Amino acid sequence: MLQLTRPLVFIDVESTGLNTQTDRIVQLCLSKVFNLNEYPIRPNKYVTNVNPTISIPADSTAIHGLTDSDVENAPTFGMIAREILAFLDGCDVAGFGSNQFDIPLLHSEFLRFGIDWQPGYQIDAGNLFKIREPRTLAYAMQFYCRKEHANAHSAEGDVLATIDVLQA
């Protein structure tokens, strides 16, 4: 079990798109946990919709269901940036896929308002999942075809295994 030395804030964002430099947050949840061994965990939460000040593309709405009208009366990120920063102060950060998306997007949002937020230690449960459940061709052969990938890393062997996996 992971032993915490600082509070751990779990993060998830919904956004206007996938570009962590230019897209904007439209919904944010931060959930602060002090003890992972506590059952049930009773986190301290910060949840809000955010007005991104730009239109939410239909492709993004199709994923998270939020429209421009859902967030038009929500605070902008600039209005709540200091609140969010205070919530994150002294904490490490965790999420699922957060190292590649949520944390960089949140960092970009802070930078737009002159805040250079430096997250503490970052734990990405998505990366941990991939370590425990490898996403390799050999694993796919075992999972889908129930056989070993005998010729791994030979071009022909990898092509034939890929065909088997796709057929399965």
# chains A, B, ... in the order shown; residues from 1 in each chain; ligands from 1
>>> select_by_dssp(residues="stretch 8-164 of chain A", states="strand (DSSP E or B)", output="ChimeraX atom specification")
/A:8-15,25-33,44-49,51,76,92-95,122-124
>>> write_last_selection(atoms="N, CA, C and O atoms", output="compact mmCIF listing (two decimals), in the first residue's frame")
# COMPACT_ATOMS: atom_id res chain seq x y z
N LEU A 8 -2.66 13.71 -0.91
CA LEU A 8 -2.66 13.35 -2.33
C LEU A 8 -3.95 13.88 -2.95
O LEU A 8 -5.04 13.55 -2.48
N VAL A 9 -3.83 14.72 -3.97
CA VAL A 9 -4.99 15.26 -4.66
C VAL A 9 -5.18 14.50 -5.97
O VAL A 9 -4.31 14.53 -6.83
N PHE A 10 -6.32 13.82 -6.06
CA PHE A 10 -6.68 13.15 -7.31
C PHE A 10 -7.33 14.20 -8.20
O PHE A 10 -8.15 14.99 -7.74
N ILE A 11 -6.96 14.18 -9.48
CA ILE A 11 -7.41 15.21 -10.40
C ILE A 11 -8.04 14.58 -11.63
O ILE A 11 -7.59 13.55 -12.12
N ASP A 12 -9.10 15.21 -12.12
CA ASP A 12 -9.64 14.88 -13.43
C ASP A 12 -10.22 16.16 -14.01
O ASP A 12 -10.84 16.95 -13.30
N VAL A 13 -9.99 16.35 -15.31
CA VAL A 13 -10.55 17.51 -16.00
C VAL A 13 -11.29 17.06 -17.24
O VAL A 13 -10.96 16.03 -17.84
N GLU A 14 -12.31 17.80 -17.60
CA GLU A 14 -12.96 17.70 -18.90
C GLU A 14 -12.60 19.00 -19.61
O GLU A 14 -12.46 20.04 -18.96
N SER A 15 -12.48 18.93 -20.94
CA SER A 15 -11.93 20.09 -21.63
C SER A 15 -12.57 20.34 -22.99
O SER A 15 -13.40 19.57 -23.45
N ILE A 25 -10.07 24.02 -19.74
CA ILE A 25 -10.83 23.19 -18.81
C ILE A 25 -12.28 23.66 -18.79
O ILE A 25 -12.54 24.86 -18.73
N VAL A 26 -13.23 22.72 -18.85
CA VAL A 26 -14.65 23.04 -18.72
C VAL A 26 -15.25 22.41 -17.46
O VAL A 26 -16.33 22.82 -17.03
N GLN A 27 -14.56 21.43 -16.89
CA GLN A 27 -15.01 20.86 -15.62
C GLN A 27 -13.77 20.33 -14.90
O GLN A 27 -12.87 19.75 -15.52
N LEU A 28 -13.75 20.50 -13.59
CA LEU A 28 -12.60 20.13 -12.79
C LEU A 28 -13.06 19.47 -11.51
O LEU A 28 -14.00 19.95 -10.86
N CYS A 29 -12.42 18.35 -11.17
CA CYS A 29 -12.63 17.74 -9.86
C CYS A 29 -11.28 17.50 -9.23
O CYS A 29 -10.39 16.90 -9.85
N LEU A 30 -11.11 17.99 -8.03
CA LEU A 30 -9.93 17.74 -7.21
C LEU A 30 -10.44 17.06 -5.94
O LEU A 30 -11.39 17.54 -5.32
N SER A 31 -9.82 15.97 -5.57
CA SER A 31 -10.26 15.22 -4.39
C SER A 31 -9.03 14.93 -3.53
O SER A 31 -8.17 14.16 -3.92
N LYS A 32 -8.97 15.57 -2.37
CA LYS A 32 -7.79 15.48 -1.50
C LYS A 32 -7.97 14.33 -0.50
O LYS A 32 -8.95 14.27 0.23
N VAL A 33 -6.98 13.43 -0.49
CA VAL A 33 -6.99 12.28 0.40
C VAL A 33 -5.80 12.37 1.34
O VAL A 33 -4.68 12.64 0.90
N ASN A 44 -11.66 15.32 0.75
CA ASN A 44 -12.05 16.72 0.72
C ASN A 44 -12.10 17.08 -0.76
O ASN A 44 -11.09 16.98 -1.45
N LYS A 45 -13.28 17.48 -1.28
CA LYS A 45 -13.43 17.66 -2.73
C LYS A 45 -13.61 19.12 -3.13
O LYS A 45 -14.19 19.91 -2.40
N TYR A 46 -13.13 19.39 -4.33
CA TYR A 46 -13.36 20.66 -5.02
C TYR A 46 -13.85 20.30 -6.41
O TYR A 46 -13.09 19.73 -7.20
N VAL A 47 -15.11 20.57 -6.70
CA VAL A 47 -15.69 20.21 -8.00
C VAL A 47 -16.38 21.44 -8.57
O VAL A 47 -17.15 22.11 -7.86
N THR A 48 -16.11 21.74 -9.84
CA THR A 48 -16.75 22.89 -10.46
C THR A 48 -16.76 22.78 -11.98
O THR A 48 -15.87 22.17 -12.57
N ASN A 49 -17.77 23.33 -12.58
CA ASN A 49 -17.72 23.60 -14.01
C ASN A 49 -16.93 24.88 -14.19
O ASN A 49 -16.87 25.71 -13.27
N ASN A 51 -16.13 28.09 -17.04
CA ASN A 51 -16.40 28.75 -18.32
C ASN A 51 -15.06 28.91 -19.04
O ASN A 51 -14.21 29.67 -18.58
N THR A 76 -14.85 31.61 -14.64
CA THR A 76 -13.72 31.36 -15.54
C THR A 76 -12.57 30.81 -14.69
O THR A 76 -12.56 30.94 -13.46
N ASP A 92 0.77 16.20 -3.18
CA ASP A 92 1.18 15.49 -4.37
C ASP A 92 -0.08 15.29 -5.21
O ASP A 92 -1.19 15.54 -4.74
N VAL A 93 0.07 14.87 -6.46
CA VAL A 93 -1.04 14.82 -7.40
C VAL A 93 -1.15 13.42 -8.01
O VAL A 93 -0.13 12.80 -8.33
N ALA A 94 -2.39 12.94 -8.18
CA ALA A 94 -2.62 11.62 -8.78
C ALA A 94 -3.80 11.70 -9.73
O ALA A 94 -4.65 12.59 -9.63
N GLY A 95 -3.85 10.75 -10.64
CA GLY A 95 -4.98 10.65 -11.56
C GLY A 95 -4.80 9.43 -12.45
O GLY A 95 -3.88 8.63 -12.26
N GLN A 122 4.00 13.13 -8.72
CA GLN A 122 2.86 12.80 -9.57
C GLN A 122 2.71 11.29 -9.70
O GLN A 122 3.65 10.60 -10.09
N ILE A 123 1.53 10.79 -9.38
CA ILE A 123 1.24 9.36 -9.47
C ILE A 123 0.16 9.18 -10.53
O ILE A 123 -0.95 9.67 -10.38
N ASP A 124 0.50 8.48 -11.59
CA ASP A 124 -0.46 8.24 -12.66
C ASP A 124 -0.91 6.78 -12.59
O ASP A 124 -0.17 5.87 -12.96
>>> select_by_dssp(residues="chain A", states="helix (DSSP H, G or I)", output="JSON, numbers by chain")
{"A": [58, 59, 60, 61, 62, 63, 64, 68, 69, 70, 71, 77, 78, 79, 80, 81, 82, 83, 84, 85, 86, 87, 88, 102, 103, 104, 105, 106, 107, 108, 109, 110, 111, 112, 125, 126, 127, 128, 129, 130, 131, 132, 137, 138, 139, 140, 141, 142, 143, 144, 145, 155, 156, 157, 158, 159, 160, 161, 162, 163, 164, 165, 166, 167]}
>>> atom_distance(atom1="atom CA of A:Ala140", atom2="atom CA of A:Ala125")
20.7 Å
>>> closest_residue(among="A:Phe34, A:Phe110, A:Trp117, A:Phe96", to="A:Gly78", atoms="only C-alpha atoms")
A:Phe110
>>> atom_distance(atom1="atom CA of A:Glu38", atom2="atom CA of A:Phe129")
22.0 Å
>>> closest_residue(among="A:Arg82, A:Phe87, A:Asp164, A:His64", to="A:Phe143", atoms="only C-alpha atoms")
A:Asp164
>>> residues_around(residues="A:Gln3", least_positions_apart="4", cutoff="9 Å", atoms="only C-alpha atoms", output="PyMOL selection string")
chain A and resi 35-37
>>> closest_residue(among="A:Ala86, A:Leu4, A:Leu111, A:Leu166", to="A:Arg24", atoms="only C-alpha atoms")
A:Leu111
